Structure formats: C-alpha cells, structure tokens
Amino acid sequence: MIGDYQQMVEAGTLLDDPAQRAVMAEFDRIAAGLAAPVKSGWFAKKPDPVRGLYLWGGVGRGKSMLMDMFADGLNVPSRRVHFHAFMQEIHAAMHAARQTGVQDAIAPVAQAIAADVRVLAFDEMQITDITDAMIVGRLFEQLFEAGVTVVTTSNRVPDDLYKDGLNRQLFLPFIDLLKQRMVVHELVSPTDYRQDRLAGSPVYFTPIGAEARASVAAIWDDLAGGNTPLTLKVKGREVVLPAYRNGVARSSFNRLCGQALGAADYLAVAEAVRVLILEEIPQLGRSNFNEAKRFVTLVDALYEARVRLIASAAAAPELLYVEGEGTFEFERTASRLREMQSEGWGA
C-alpha cells in the first residue's frame, strides 16, 4: 500500500502527509498477514484472525481514502461497508434467523458473514442506538473467533463509543474487545482536506436552476461520488439518505423535510454525516409551513453537530421565509445558514 501511496503522491493526485504515511505500516502489516498461506484439510483449524486496525481522528483527515486504498488492494474475500448500513443488515438478518426458531439469532448471522469474508472494512464506526450497543459485542466476538479481521475508521477514540449511552456499563466489554483484537491508531494530521477542497468555494447556490444543479453536482463528484444509499434506523423508523460516501450525504429538500420526520431523525442524520448536500430548498411560507418547521429543526441539528451544509435554494437565507407565521423565528435559522457558509465553519 505504501507503494501505491507514493505513486499517487508523485503523480500529484495526493499531497504527501506524514500522518497518513505513519499508518501505512499497519495496513501493510494486515495485508501481509492475510496473504500468508492458510492450511487446509480435515484437521486444519480456522486461522487466527490477523489483528485489525481501529483508525480514528478528526473529519477530513483522509481516513476513508486510506481505507479505500487498503480494501481495493486486498486479494482475499473482503467487504467494505459503512457501519450504519452493516448494522441495518445485521438487524434484518437476525429477524430472519428468529423466524426459523433458533435460540441465538446472532450465531447464524456471524457464521454466514465469516463464511463469505476474511476482512470486514467499516467506515465510520459509531454506536448511538442501544439495540446496536447490545448486539455488537457478541457479534464481533463471534466474528473474531471465526477468523475475521476487522478494520474500521471512526471520528472517536474507542473509549468514547456510545458515550453517555443507556446502560453503557454493559457496552464496556466490547470496547475492551476492540482494544484486544485491533491496533488503535490516531491519524493526527493538521490538515482537513475536506475543508481545504471547499475553501474559497461557494456552498449555497441560488436561485434553483441548471447552474445551481451543475455546481452542486460538481461538489458531490469532488467530495464523494457514487450513489450508495444510507439507511438510518430511528425509533423503529427508517430515514434514508439516497446518496452517501465517505461521510458526505446528498438529499433533496423534499425527501428530508417533506416527510413526517422529527428532531430525533435529524439528530441521527447529523450524527451520521459530516457534510450534507441539500438540494432544491423551495420558497417557504404558509403553503408549506410544516416543511418549513422541519427545515428549521434540521438546520438546528446540523448546526449543533457542526455538520457542513451545502445547499441549493430558491432564495438567499434571509429571503427564504418572508411571510406567514414563523417569520420571526426563522430569522435565527437564516442567521445560522449564513454562519454555516463561512469559510472554515464545521472544522
């Protein structure tokens, strides 16, 4: 992997970053361990998993990019998936397993995963849901015992996972398991490449039209690309972000604010993404009062979580909501929208 990184630096597609170079040895260690011959035959035991990697650090430091390079270079069965999406699949698989009458729904799910892959590469591990918190410990224990190597990125040090969560003491053994089975490495880079790529560029486009759509599409292609949906489970509901990659999500105003979503849903969105591209915010007023209220709640959640917002809208923030009940209250939202456009905001 270090060779591929050097080639990209020499080609000018990457800036040489000592912090990124420092983690290369861990990725190469894992790749070498996975490449070692595996004994086969009736009496061959399942190989011990190669010790994985928990790579954490601030947003925009290149964690997802490094994970992509690692996953793309693997020659063993592997899967690269966002942690939220993976947990949604686990819930669905456990539900299906329970229909068969098994006592322990986690066991067949873990066995099925281990039969398909030797490496699970997760992006953005974070635990915010108590159901997930109660599942991951036993699931990962069985995956490790089955020989699966886990590599993950996160914005948080392991000790801060599920911080202040309900019954967190029951979750602490999972944190110990991560430290035992994975090398914990902080990516200490002073550069936020995501912010740098947006530096000096507008992030709020008005009016809505072909030019605004093209500008937003160009930012999406530069920051993320791809169209993998991200489904968040919130109190039994599903909140779907139709396009997601590397912490960047893209959605229309109607999908997020035209449905009966509430504060808990928007807090989950703000927790899951670091950049939200929100397209085609309409003129707001009496005719779409409920949508406007949801938009205010969404902006508040993004603002408090320091999520970068890129938007296309029918009008400038101060002119989005100019008539009807709620105009006074919207002044705070307009102010926040202005502040969120400032260079360096969200760092």
# chains A, B, ... in the order shown; residues from 1 in each chain; ligands from 1
>>> select_by_dssp(residues="region 105-257 of chain A", states="helix (DSSP H, G or I)", output="MDAnalysis selection string")
chainID A and resid 106:116 130:145 158:160 168:170 172:181 193:198 210:223 253:257
>>> residues_around(residues="region 300-302 of chain A", least_positions_apart="3", cutoff="10 Å", atoms="only C-alpha atoms", output="PyMOL selection string")
chain A and resi 263-271+273-276+294-297+305-309+332-333+336-337+340+346
>>> write_last_selection(atoms="C-alpha atoms", output="PDB file, in the first residue's frame")
ATOM      1  CA  ALA A 263     -35.872  16.051  15.862  1.00  0.00           C
ATOM      2  CA  ALA A 264     -34.659  12.505  16.625  1.00  0.00           C
ATOM      3  CA  ASP A 265     -34.424  11.745  12.898  1.00  0.00           C
ATOM      4  CA  TYR A 266     -32.440  14.895  12.161  1.00  0.00           C
ATOM      5  CA  LEU A 267     -30.138  14.286  15.115  1.00  0.00           C
ATOM      6  CA  ALA A 268     -29.415  10.827  13.668  1.00  0.00           C
ATOM      7  CA  VAL A 269     -28.591  12.409  10.299  1.00  0.00           C
ATOM      8  CA  ALA A 270     -26.303  14.951  11.950  1.00  0.00           C
ATOM      9  CA  GLU A 271     -24.570  12.158  13.871  1.00  0.00           C
ATOM     10  CA  VAL A 273     -22.683  12.555   8.263  1.00  0.00           C
ATOM     11  CA  ARG A 274     -20.048  15.255   8.261  1.00  0.00           C
ATOM     12  CA  VAL A 275     -21.215  17.012   5.090  1.00  0.00           C
ATOM     13  CA  LEU A 276     -24.829  17.237   3.915  1.00  0.00           C
ATOM     14  CA  ARG A 294     -38.879  20.550   9.794  1.00  0.00           C
ATOM     15  CA  PHE A 295     -36.229  22.500   7.898  1.00  0.00           C
ATOM     16  CA  VAL A 296     -35.646  24.700  10.953  1.00  0.00           C
ATOM     17  CA  THR A 297     -35.223  21.583  13.102  1.00  0.00           C
ATOM     18  CA  ALA A 305     -23.222  18.964  15.344  1.00  0.00           C
ATOM     19  CA  ARG A 306     -21.011  21.261  13.212  1.00  0.00           C
ATOM     20  CA  VAL A 307     -22.026  19.454  10.035  1.00  0.00           C
ATOM     21  CA  ARG A 308     -21.010  21.233   6.828  1.00  0.00           C
ATOM     22  CA  LEU A 309     -24.093  22.165   4.775  1.00  0.00           C
ATOM     23  CA  ARG A 332     -32.346  32.580  13.702  1.00  0.00           C
ATOM     24  CA  THR A 333     -32.320  29.864  11.036  1.00  0.00           C
ATOM     25  CA  ARG A 336     -27.291  30.080  11.140  1.00  0.00           C
ATOM     26  CA  LEU A 337     -27.424  29.380   7.402  1.00  0.00           C
ATOM     27  CA  MET A 340     -22.599  27.871   8.093  1.00  0.00           C
ATOM     28  CA  GLY A 346     -17.572  22.998  10.730  1.00  0.00           C
TER      29      GLY A 346
END
>>> residues_around(residues="Leu241 (chain A)", least_positions_apart="6", cutoff="7 Å", atoms="only C-alpha atoms", output="list in words")
Pro229, Leu230, Thr231, Ala249, Arg250 and Ser251 of chain A
>>> residues_around(residues="region 84-94 of chain A", least_positions_apart="2", cutoff="7 Å", atoms="only C-alpha atoms", output="PyMOL selection string")
chain A and resi 81-82+96-98+105-106+109+230-232
>>> atom_distance(atom1="CA of Ala243 (chain A)", atom2="CA of Thr228 (chain A)")
5.1 Å
>>> residues_around(residues="Leu34 (chain A)", least_positions_apart="4", cutoff="9 Å", atoms="only C-alpha atoms", output="MDAnalysis selection string")
chainID A and resid 29:30 38 49:50 74:76 118:119 149
>>> residues_around(residues="Met24 (chain A)", least_positions_apart="6", cutoff="12 Å", atoms="only C-alpha atoms", output="number ranges by chain")
A: 1-6, 17-18, 30-31, 53, 55, 63, 66-67, 69-70, 185, 187
>>> write_last_selection(atoms="N, CA and C atoms", output="compact mmCIF listing (two decimals), in the first residue's frame")
# COMPACT_ATOMS: atom_id res chain seq x y z
N MET A 1 0.83 -1.21 0.00
CA MET A 1 0.00 0.00 0.00
C MET A 1 0.86 1.26 0.00
N ILE A 2 1.98 1.21 0.69
CA ILE A 2 2.86 2.37 0.71
C ILE A 2 3.36 2.70 -0.69
N GLY A 3 3.55 1.66 -1.52
CA GLY A 3 3.98 1.89 -2.90
C GLY A 3 2.92 2.61 -3.70
N ASP A 4 1.67 2.21 -3.55
CA ASP A 4 0.57 2.87 -4.26
C ASP A 4 0.44 4.32 -3.80
N TYR A 5 0.60 4.54 -2.50
CA TYR A 5 0.51 5.89 -1.95
C TYR A 5 1.60 6.77 -2.56
N GLN A 6 2.82 6.24 -2.63
CA GLN A 6 3.94 7.01 -3.18
C GLN A 6 3.70 7.36 -4.64
N ASP A 17 1.41 13.35 3.15
CA ASP A 17 1.01 13.68 4.53
C ASP A 17 1.72 12.70 5.47
N PRO A 18 2.62 13.20 6.33
CA PRO A 18 3.34 12.31 7.25
C PRO A 18 2.41 11.49 8.14
N ILE A 30 -1.35 -5.80 8.06
CA ILE A 30 -2.57 -6.59 7.93
C ILE A 30 -2.59 -7.33 6.59
N ALA A 31 -2.25 -6.62 5.52
CA ALA A 31 -2.25 -7.24 4.19
C ALA A 31 -1.28 -8.41 4.13
N LEU A 53 -7.41 -3.10 12.75
CA LEU A 53 -7.00 -1.71 12.94
C LEU A 53 -8.22 -0.85 13.22
N LEU A 55 -8.80 2.94 13.21
CA LEU A 55 -8.18 4.20 12.80
C LEU A 55 -9.13 5.35 13.10
N LYS A 63 -9.08 9.39 6.39
CA LYS A 63 -9.28 8.02 6.88
C LYS A 63 -10.00 7.15 5.85
N LEU A 66 -7.79 6.30 2.82
CA LEU A 66 -6.83 5.24 3.12
C LEU A 66 -7.53 3.88 3.19
N MET A 67 -8.72 3.85 3.76
CA MET A 67 -9.48 2.61 3.83
C MET A 67 -9.81 2.10 2.43
N MET A 69 -8.08 2.63 -0.32
CA MET A 69 -6.84 2.09 -0.90
C MET A 69 -6.56 0.69 -0.36
N PHE A 70 -6.73 0.51 0.94
CA PHE A 70 -6.48 -0.78 1.56
C PHE A 70 -7.43 -1.85 1.02
N HIS A 185 -5.08 3.36 16.37
CA HIS A 185 -4.13 4.33 15.82
C HIS A 185 -4.86 5.64 15.54
N LEU A 187 -5.03 9.13 13.66
CA LEU A 187 -4.50 9.83 12.50
C LEU A 187 -4.40 11.31 12.85
>>> closest_residue(among="A:Glu280, A:Asp16, A:Asp129, A:Glu186", to="Tyr162 (chain A)", atoms="only C-alpha atoms")
A:Asp129
>>> select_by_dssp(residues="region 25-229 of chain A", states="strand (DSSP E)", output="JSON, numbers by chain")
{"A": [52, 53, 54, 55, 56, 78, 79, 80, 81, 82, 119, 120, 121, 122, 123, 149, 150, 151, 152, 153, 154, 182, 183, 184, 185, 186, 204, 205, 228, 229]}
>>> atom_distance(atom1="CA of Pro207 (chain A)", atom2="CA of Ala313 (chain A)")
5.9 Å
>>> decode(residues="region 148-266 of chain A", atoms="C-alpha atoms", output="JSON list (two decimals), in the first residue's frame")
[["chain", "number", "residue", "atom", "x", "y", "z"],
["A", 148, "VAL", "CA", -12.50, -12.48, 10.56],
["A", 149, "THR", "CA", -10.20, -9.45, 10.62],
["A", 150, "VAL", "CA", -11.88, -6.10, 11.22],
["A", 151, "VAL", "CA", -10.56, -2.73, 10.07],
["A", 152, "THR", "CA", -12.55, 0.40, 10.81],
["A", 153, "THR", "CA", -12.41, 4.17, 10.79],
["A", 154, "SER", "CA", -14.07, 6.39, 13.36],
["A", 155, "ASN", "CA", -14.16, 10.00, 14.46],
["A", 156, "ARG", "CA", -13.97, 8.83, 18.08],
["A", 157, "VAL", "CA", -11.43, 7.05, 20.23],
["A", 158, "PRO", "CA", -12.81, 3.63, 21.31],
["A", 159, "ASP", "CA", -13.37, 4.81, 24.89],
["A", 160, "ASP", "CA", -15.83, 7.44, 23.60],
["A", 161, "LEU", "CA", -18.04, 4.99, 21.69],
["A", 162, "TYR", "CA", -21.64, 5.03, 22.95],
["A", 163, "LYS", "CA", -20.58, 7.75, 25.38],
["A", 164, "ASP", "CA", -23.32, 8.58, 27.92],
["A", 165, "GLY", "CA", -25.49, 5.86, 26.37],
["A", 166, "LEU", "CA", -28.19, 3.99, 28.28],
["A", 167, "ASN", "CA", -26.77, 1.03, 30.24],
["A", 168, "ARG", "CA", -23.31, 1.86, 28.93],
["A", 169, "GLN", "CA", -21.65, -0.37, 31.53],
["A", 170, "LEU", "CA", -22.95, -3.35, 29.55],
["A", 171, "PHE", "CA", -21.13, -1.98, 26.48],
["A", 172, "LEU", "CA", -17.70, -1.59, 28.07],
["A", 173, "PRO", "CA", -16.57, -5.22, 27.42],
["A", 174, "PHE", "CA", -16.97, -4.51, 23.70],
["A", 175, "ILE", "CA", -14.54, -1.60, 23.97],
["A", 176, "ASP", "CA", -12.04, -3.90, 25.71],
["A", 177, "LEU", "CA", -12.53, -6.46, 22.94],
["A", 178, "LEU", "CA", -11.76, -3.85, 20.27],
["A", 179, "LYS", "CA", -8.54, -2.87, 22.02],
["A", 180, "GLN", "CA", -7.53, -6.52, 22.33],
["A", 181, "ARG", "CA", -8.26, -7.51, 18.74],
["A", 182, "MET", "CA", -7.34, -4.27, 16.95],
["A", 183, "VAL", "CA", -4.47, -1.82, 16.93],
["A", 184, "VAL", "CA", -5.83, 1.61, 17.89],
["A", 185, "HIS", "CA", -4.13, 4.33, 15.82],
["A", 186, "GLU", "CA", -4.92, 8.04, 15.82],
["A", 187, "LEU", "CA", -4.50, 9.83, 12.50],
["A", 188, "VAL", "CA", -3.00, 13.08, 13.76],
["A", 189, "SER", "CA", -2.97, 15.28, 10.68],
["A", 190, "PRO", "CA", -3.19, 19.07, 10.96],
["A", 191, "THR", "CA", -4.90, 19.27, 7.57],
["A", 192, "ASP", "CA", -8.63, 18.95, 6.99],
["A", 193, "TYR", "CA", -8.60, 18.06, 3.30],
["A", 194, "ARG", "CA", -12.37, 18.22, 3.01],
["A", 195, "GLN", "CA", -12.43, 21.81, 4.23],
["A", 196, "ASP", "CA", -9.47, 22.66, 2.02],
["A", 197, "ARG", "CA", -11.33, 21.41, -1.04],
["A", 198, "LEU", "CA", -14.24, 23.70, -0.18],
["A", 199, "ALA", "CA", -12.06, 26.67, 0.81],
["A", 200, "GLY", "CA", -12.94, 29.76, -1.18],
["A", 201, "SER", "CA", -15.81, 27.99, -2.96],
["A", 202, "PRO", "CA", -19.48, 28.92, -2.52],
["A", 203, "VAL", "CA", -21.58, 26.37, -0.65],
["A", 204, "TYR", "CA", -25.02, 28.00, -1.01],
["A", 205, "PHE", "CA", -26.43, 28.31, -4.52],
["A", 206, "THR", "CA", -29.44, 30.39, -5.55],
["A", 207, "PRO", "CA", -31.73, 30.53, -7.45],
["A", 208, "ILE", "CA", -32.63, 26.91, -8.18],
["A", 209, "GLY", "CA", -31.86, 26.09, -11.78],
["A", 210, "ALA", "CA", -29.48, 24.37, -14.16],
["A", 211, "GLU", "CA", -26.46, 26.37, -12.95],
["A", 212, "ALA", "CA", -27.10, 25.59, -9.28],
["A", 213, "ARG", "CA", -27.69, 21.91, -10.06],
["A", 214, "ALA", "CA", -24.44, 21.70, -12.00],
["A", 215, "SER", "CA", -22.48, 23.40, -9.21],
["A", 216, "VAL", "CA", -23.87, 21.06, -6.56],
["A", 217, "ALA", "CA", -23.23, 18.01, -8.75],
["A", 218, "ALA", "CA", -19.61, 19.08, -9.24],
["A", 219, "ILE", "CA", -19.09, 19.40, -5.47],
["A", 220, "TRP", "CA", -20.65, 15.98, -4.90],
["A", 221, "ASP", "CA", -18.41, 14.37, -7.52],
["A", 222, "ASP", "CA", -15.34, 16.01, -5.99],
["A", 223, "LEU", "CA", -16.12, 15.13, -2.37],
["A", 224, "ALA", "CA", -17.75, 11.75, -2.73],
["A", 225, "GLY", "CA", -19.31, 10.45, -5.94],
["A", 226, "GLY", "CA", -21.23, 7.20, -6.09],
["A", 227, "ASN", "CA", -24.85, 6.70, -5.14],
["A", 228, "THR", "CA", -24.92, 4.21, -2.28],
["A", 229, "PRO", "CA", -27.92, 4.90, -0.03],
["A", 230, "LEU", "CA", -27.54, 5.11, 3.74],
["A", 231, "THR", "CA", -30.45, 3.93, 5.90],
["A", 232, "LEU", "CA", -30.66, 5.12, 9.48],
["A", 233, "LYS", "CA", -32.95, 3.36, 11.93],
["A", 234, "VAL", "CA", -34.51, 5.78, 14.42],
["A", 235, "LYS", "CA", -37.03, 4.51, 16.98],
["A", 236, "GLY", "CA", -38.32, 1.86, 14.61],
["A", 237, "ARG", "CA", -38.45, 4.21, 11.60],
["A", 238, "GLU", "CA", -36.13, 4.32, 8.63],
["A", 239, "VAL", "CA", -34.55, 7.56, 7.44],
["A", 240, "VAL", "CA", -32.99, 7.09, 4.00],
["A", 241, "LEU", "CA", -30.26, 9.31, 2.60],
["A", 242, "PRO", "CA", -30.31, 8.37, -1.09],
["A", 243, "ALA", "CA", -26.62, 9.01, -1.79],
["A", 244, "TYR", "CA", -23.75, 8.64, 0.66],
["A", 245, "ARG", "CA", -20.00, 8.08, 0.67],
["A", 246, "ASN", "CA", -17.07, 8.95, 2.91],
["A", 247, "GLY", "CA", -19.15, 10.94, 5.39],
["A", 248, "VAL", "CA", -20.82, 13.01, 2.64],
["A", 249, "ALA", "CA", -24.58, 12.62, 2.04],
["A", 250, "ARG", "CA", -26.81, 14.07, -0.66],
["A", 251, "SER", "CA", -30.58, 14.52, -0.48],
["A", 252, "SER", "CA", -33.39, 16.63, -1.80],
["A", 253, "PHE", "CA", -35.26, 19.01, 0.49],
["A", 254, "ASN", "CA", -38.47, 17.09, -0.13],
["A", 255, "ARG", "CA", -37.00, 13.76, 0.99],
["A", 256, "LEU", "CA", -35.78, 15.13, 4.32],
["A", 257, "CYS", "CA", -38.32, 17.84, 5.06],
["A", 258, "GLY", "CA", -41.36, 16.74, 3.06],
["A", 259, "GLN", "CA", -41.88, 13.65, 5.20],
["A", 260, "ALA", "CA", -43.10, 13.32, 8.78],
["A", 261, "LEU", "CA", -39.65, 13.37, 10.36],
["A", 262, "GLY", "CA", -38.73, 14.92, 13.69],
["A", 263, "ALA", "CA", -35.87, 16.05, 15.86],
["A", 264, "ALA", "CA", -34.66, 12.50, 16.63],
["A", 265, "ASP", "CA", -34.42, 11.75, 12.90],
["A", 266, "TYR", "CA", -32.44, 14.89, 12.16]]
